[in-house]
Amino acid sequence: LLVNITLSGMSTVIGGSYGEVLDDEQAIRLAAAITVECIDTAAALGIKFEPIQGLDPSVLKPLILEQEENALNVIRMVYGPHRDIRASMLQDCEKGLRCEVDTLNGYLSSKGKEAGVATPVNDKVVEMIREIEAGTRAPGKANLDLFGAVEGA
């Protein structure tokens, strides 16, 4: 879930591959914020992460908060082998199909509410993807500018 909501959500919002998320400073910082929201929600619900490519994802939160550049480099390293992936949510939206946003990013939003954890960046991703699905918003990097007023972004 952590990988999917972090990279798939941003891939769909910007209309690009995981590599494009990793290479864009604003997109990767937003992905890191979603990572923290997911880690905080999991902790509040008593959920422990399994390692991702040998890394315990919960170590990312202190890195993101205290050593952001190092954290972004770790995120790039962990997800780098998957650079060419384009999110299935994006592919569905491009085909005019409903995507799985409610079971991915939407799930984090609902679990965050349940646990009393704010997930403002992820909530904005959900809102944008629903608009992309509805055809009222196009995927693209211009969407990144709409996160400026989101707390935590």
# chains A, B, ... in the order shown; residues from 1 in each chain; ligands from 1
>>> residues_around(residues="A:Arg76", least_positions_apart="2", cutoff="10 Å", atoms="only C-alpha atoms", output="list in words")
Tyr18, Gly19, Val21, Leu22, Asp23, Ile28, Asn70, Ala71, Leu72, Asn73, Val74, Val78, Tyr79, Gly80, Pro81, His82 and Arg83 of chain A
>>> write_last_selection(atoms="C-alpha atoms", output="mmCIF file, in the first residue's frame")
data_model
loop_
_atom_site.group_PDB
_atom_site.id
_atom_site.type_symbol
_atom_site.label_atom_id
_atom_site.label_comp_id
_atom_site.auth_asym_id
_atom_site.auth_seq_id
_atom_site.Cartn_x
_atom_site.Cartn_y
_atom_site.Cartn_z
ATOM 1 C CA TYR A 18 7.586 6.669 -11.358
ATOM 2 C CA GLY A 19 10.918 7.970 -12.640
ATOM 3 C CA VAL A 21 8.022 11.499 -9.915
ATOM 4 C CA LEU A 22 11.484 10.670 -8.564
ATOM 5 C CA ASP A 23 13.164 13.253 -10.811
ATOM 6 C CA ILE A 28 9.144 13.622 -4.822
ATOM 7 C CA ASN A 70 19.077 12.039 2.461
ATOM 8 C CA ALA A 71 15.524 10.708 2.657
ATOM 9 C CA LEU A 72 14.783 11.711 -0.924
ATOM 10 C CA ASN A 73 17.952 9.925 -2.024
ATOM 11 C CA VAL A 74 16.851 6.782 -0.149
ATOM 12 C CA VAL A 78 14.537 2.122 -3.266
ATOM 13 C CA TYR A 79 12.102 2.996 -6.051
ATOM 14 C CA GLY A 80 14.709 3.621 -8.771
ATOM 15 C CA PRO A 81 14.519 0.104 -10.228
ATOM 16 C CA HIS A 82 10.851 0.809 -10.991
ATOM 17 C CA ARG A 83 11.445 4.096 -12.870
#
>>> select_by_dssp(residues="stretch 65-128 of chain A", states="helix (DSSP H, G or I)", output="MDAnalysis selection string")
chainID A and resid 65:66 68:82 88:94 101:103 105:115 120:128
>>> residues_around(residues="A:Ala43", least_positions_apart="4", cutoff="12 Å", atoms="only C-alpha atoms", output="list in words")
Val36, Glu37, Cys38, Ile39, Ile47, Lys48, Phe49, Pro57, Ser58, Lys61, Lys111, Gly112, Ala115, Gly116 and Val117 of chain A
>>> closest_residue(among="A:Leu146, A:Ala138, A:Ile64, A:Ile75", to="A:Thr6", atoms="only C-alpha atoms")
A:Ile75
>>> atom_distance(atom1="atom CA of A:Gly140", atom2="atom CA of A:Val13")
6.3 Å
>>> residues_around(residues="A:Ser109", least_positions_apart="6", cutoff="7 Å", atoms="only C-alpha atoms", output="PDB file with N, CA, C and O atoms, in the first residue's frame")
ATOM      1  N   THR A 119      -4.246  13.556   6.754  1.00  0.00           N
ATOM      2  CA  THR A 119      -3.586  13.109   5.526  1.00  0.00           C
ATOM      3  C   THR A 119      -3.863  14.116   4.397  1.00  0.00           C
ATOM      4  O   THR A 119      -4.372  13.754   3.343  1.00  0.00           O
ATOM      5  N   ASN A 122      -2.257  13.425   0.759  1.00  0.00           N
ATOM      6  CA  ASN A 122      -2.925  12.276   0.150  1.00  0.00           C
ATOM      7  C   ASN A 122      -4.371  12.608  -0.211  1.00  0.00           C
ATOM      8  O   ASN A 122      -4.848  12.226  -1.282  1.00  0.00           O
ATOM      9  N   ASP A 123      -5.064  13.331   0.652  1.00  0.00           N
ATOM     10  CA  ASP A 123      -6.455  13.709   0.371  1.00  0.00           C
ATOM     11  C   ASP A 123      -6.544  14.534  -0.909  1.00  0.00           C
ATOM     12  O   ASP A 123      -7.463  14.362  -1.713  1.00  0.00           O
TER      13      ASP A 123
END
>>> residues_around(residues="stretch 24-26 of chain A", least_positions_apart="3", cutoff="12 Å", atoms="only C-alpha atoms", output="list in words")
Met10, Ser11, Ile14, Gly16, Ser17, Tyr18, Gly19, Glu20, Val21, Arg29, Leu30, Ala31, Ala32, Ala33, Glu68, Glu69, Leu72, Asn73, Arg76, Lys141, Ala142, Asn143, Leu144, Asp145, Leu146, Phe147, Gly148 and Ala153 of chain A
>>> closest_residue(among="A:Leu108, A:Glu66, A:Gly9, A:Asp56", to="A:Met128", atoms="only C-alpha atoms")
A:Gly9
>>> closest_residue(among="A:Cys93, A:Ile85, A:Thr12, A:Ala42", to="A:Tyr107", atoms="only C-alpha atoms")
A:Ala42
>>> closest_residue(among="A:Ser110, A:Thr35, A:Thr136, A:Ser8", to="A:Leu60", atoms="only C-alpha atoms")
A:Thr35
